[in-house]
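Presented below is the structure to which this report refers.
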Amino acid sequence: MNILLLGSSGFVGKRVAALLKEQGHEITMPRHHELDLLNLSQEAAMPLLQNKDVVVNTVGIMSRHANILETIHHHAPTKMAAWAKEAGVNRWAQLSALGADAAQTVPFVGSKGRGDEAVMNSGLQTAVARPSVIYGRGGVSCEMFIRLASLPILALPGGGKFELQPVHVADVAQGLVNFVNQPPENGTIVNMTGSLRCTMADYLNILRRGLHYKPDAKIVSIPLGLIKPFLPLGKIITNGVISPDTFSLLEQGSCADNSGFTKLLGRKPLAASEFAGLA
């Protein structure tokens with residue numbers, strides 16, 4: 001198949017690209033200077049969309065600026081999907097996020113939800129992947145978790161009792177490729193979660209044992225009320241990685257039934273306890 005892959009240099013996108021290439025697909029992977037999603041033009045997009053069977057959108061960013069999130073996650077896919085329809089493209093596979101919802105007040109998942117909704121209403125046959133916290137070396141949040149797991153004492157907000165269901169990046173990439181090769185029913189949304197549900201503290205100790213070969217760390221609980229006043233500053237320093245919004249999402253939890261993901265993969269997704277030693 002002839003595929004346009006957006007976000008091919010990203011954390012998930014580069015793994016999707018490798019799998020598609022191995023399978024012999026023809027892939028167009030535009031760089032930023034060829035397709036600027038912040039300043040998107042039809043003149044730049046249409047040549048890339050010609051003669052394509054599928055668009056795979058793996059673009060996702062963190063930013064402290066809500067307008068940038070809205071542009072990248074919502075407005076750009078909306079325009080690209082409309083132009084793809086005009087160019088004769090039939091299908092679209094979308095990487096979103098667990099909990100994405102157009103009505104969400106947290107800009108990251110709200111903008112993702114609005115982008116998902118727009119693409120599903122574009123007239124293209126659409127499938128949406130919504131992963132939980134993704135494990136994989138090179139991922140910004142994953143590397144932060146790995147560094148944190150090396151500490152002998154883990155001072156965690158609320159004792160790290162936030163519930164997670166981490167998913168391996170290889171499973172997410174394989175799921176997206178399966179969307180390409182085995183088109184599901186139009187409007188399919190698959191929650192991509194791993195096989196182990198755990199707390200953040202549990203997850204850090206899993207990483208600690210598996211990657212640092214150390215016994216479980218001592219967990220010290222920091223009251224959320226002491227941390228929240230500093231989160232607006234954290235949002236500026238980390239460009240949105242640590243912010244009131246991310247803490248709001250942690251408090252909501254990042255877990256979901258993975259039966260649809262299991263069906264898509266043809267096997268159970270990896271559990272966090274199986275991540276050690278995997279890139």
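So you can find residues: chains in the structure tokens are A, B, ... in the order shown, residues in each start at 1, and ligands are numbered from 1 in order.
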>> Quick check for you: according to DSSP on this backbone, which residues of range 32-263 of chain A are classed as strand (DSSP E)? Reply as an MDAnalysis selection string.
In response: chainID A and resid 54:57 91:95 125:131 134:135 153:157 163:164 167:168 188:192 198:199 218:222
With C-alpha atoms retained, could you export that selection as a tab-separated table (two decimals), in the first residue's frame?
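Result went into out-v4.tsv, see below:
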```
chain	number	residue	atom	x	y	z
A	54	VAL	CA	-3.99	5.41	3.94
A	55	VAL	CA	-2.91	8.29	6.15
A	56	VAL	CA	-1.40	7.26	9.49
A	57	ASN	CA	-1.22	10.16	11.94
A	91	ARG	CA	-8.60	5.47	5.14
A	92	TRP	CA	-7.09	7.18	8.17
A	93	ALA	CA	-5.44	5.67	11.27
A	94	GLN	CA	-5.08	8.04	14.22
A	95	LEU	CA	-2.86	7.90	17.31
A	125	GLN	CA	-12.78	5.15	7.06
A	126	THR	CA	-11.19	5.91	10.42
A	127	ALA	CA	-9.67	3.92	13.27
A	128	VAL	CA	-8.38	5.56	16.46
A	129	ALA	CA	-5.77	4.23	18.90
A	130	ARG	CA	-5.91	5.56	22.47
A	131	PRO	CA	-2.89	4.36	24.47
A	134	ILE	CA	3.64	4.32	26.94
A	135	TYR	CA	6.88	2.55	27.85
A	153	ILE	CA	13.72	6.92	48.20
A	154	LEU	CA	10.71	7.87	46.08
A	155	ALA	CA	8.93	10.95	47.36
A	156	LEU	CA	5.68	10.72	45.42
A	157	PRO	CA	2.54	12.85	45.39
A	163	GLU	CA	-3.61	3.93	38.82
A	164	LEU	CA	-1.85	3.19	35.53
A	167	VAL	CA	1.60	-0.17	27.44
A	168	HIS	CA	4.75	-0.99	25.48
A	188	THR	CA	-13.33	1.93	15.65
A	189	ILE	CA	-11.68	3.23	18.83
A	190	VAL	CA	-9.23	0.90	20.58
A	191	ASN	CA	-8.00	1.62	24.10
A	192	MET	CA	-4.39	0.44	24.12
A	198	CYS	CA	-0.78	-1.02	38.87
A	199	THR	CA	-0.15	2.14	40.85
A	218	LYS	CA	11.06	3.29	50.06
A	219	ILE	CA	7.95	5.29	49.19
A	220	VAL	CA	7.40	8.62	50.95
A	221	SER	CA	4.01	10.22	50.46
A	222	ILE	CA	3.85	13.97	49.76
```
> Can you list, as a ChimeraX atom specification, every protein, DNA or RNA residue that comes within 6 Å of His74 in chain A when you count only C-alpha atoms, leaving out same-chain residues fewer than 2 positions away?
Replying inline: /A:70-72,76-77,111,114-115
Keeping only N, CA and C atoms, write those residues as a PDB file, in the first residue's frame.
```pdb
ATOM      1  N   GLU A  70      -4.090  22.689  20.391  1.00  0.00           N
ATOM      2  CA  GLU A  70      -5.317  22.695  19.586  1.00  0.00           C
ATOM      3  C   GLU A  70      -4.989  22.679  18.093  1.00  0.00           C
ATOM      4  N   THR A  71      -3.979  23.427  17.715  1.00  0.00           N
ATOM      5  CA  THR A  71      -3.590  23.470  16.306  1.00  0.00           C
ATOM      6  C   THR A  71      -3.058  22.126  15.827  1.00  0.00           C
ATOM      7  N   ILE A  72      -2.132  21.538  16.592  1.00  0.00           N
ATOM      8  CA  ILE A  72      -1.483  20.294  16.172  1.00  0.00           C
ATOM      9  C   ILE A  72      -2.423  19.096  16.270  1.00  0.00           C
ATOM     10  N   ALA A  76      -5.045  20.810  12.585  1.00  0.00           N
ATOM     11  CA  ALA A  76      -4.246  20.232  11.499  1.00  0.00           C
ATOM     12  C   ALA A  76      -4.839  18.909  10.990  1.00  0.00           C
ATOM     13  N   PRO A  77      -5.193  17.956  11.869  1.00  0.00           N
ATOM     14  CA  PRO A  77      -5.818  16.735  11.357  1.00  0.00           C
ATOM     15  C   PRO A  77      -7.153  16.990  10.657  1.00  0.00           C
ATOM     16  N   SER A 111      -7.873  18.441  23.170  1.00  0.00           N
ATOM     17  CA  SER A 111      -7.505  18.692  21.769  1.00  0.00           C
ATOM     18  C   SER A 111      -7.409  17.384  20.989  1.00  0.00           C
ATOM     19  N   ARG A 114     -11.007  16.305  20.234  1.00  0.00           N
ATOM     20  CA  ARG A 114     -11.615  17.092  19.162  1.00  0.00           C
ATOM     21  C   ARG A 114     -11.020  16.705  17.801  1.00  0.00           C
ATOM     22  N   GLY A 115      -9.735  16.398  17.777  1.00  0.00           N
ATOM     23  CA  GLY A 115      -9.124  15.924  16.533  1.00  0.00           C
ATOM     24  C   GLY A 115      -9.696  14.576  16.112  1.00  0.00           C
TER      25      GLY A 115
END
```
> With only C-alpha atoms as the basis for distance, which of A:Leu4, A:Leu264, A:Leu233, A:Ala17 is at the shortest distance from Asp171 in chain A?
Replying inline: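 For Asp171 in chain A, the nearest of the given residues is A:Leu264.
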>> Neighbouring residues of Gly136 in chain A were defined as those with any atom within 10 Å, considering only C-alpha atoms; residues of the same chain fewer than 4 positions away were excluded. Please report them as a ChimeraX atom specification.
In response: /A:11-12,140-143,167-170,275-276,278-279
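Picture a line from CA of Leu265 in chain A to CA of Ala173 in chain A; it runs 10.3 Å.
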>> Excluding range 58-66 of chain A and its own-chain neighbours fewer than 2 positions away, which residues fall within 6 Å of it when counting only C-alpha atoms? Please give them as a list in words.
In response: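 With the cut-off at 6 Å, the set is Leu6, Gly7, Gly13, Ile68, Leu69, Leu95, Pro107, Asn239 and Gly240 of chain A.
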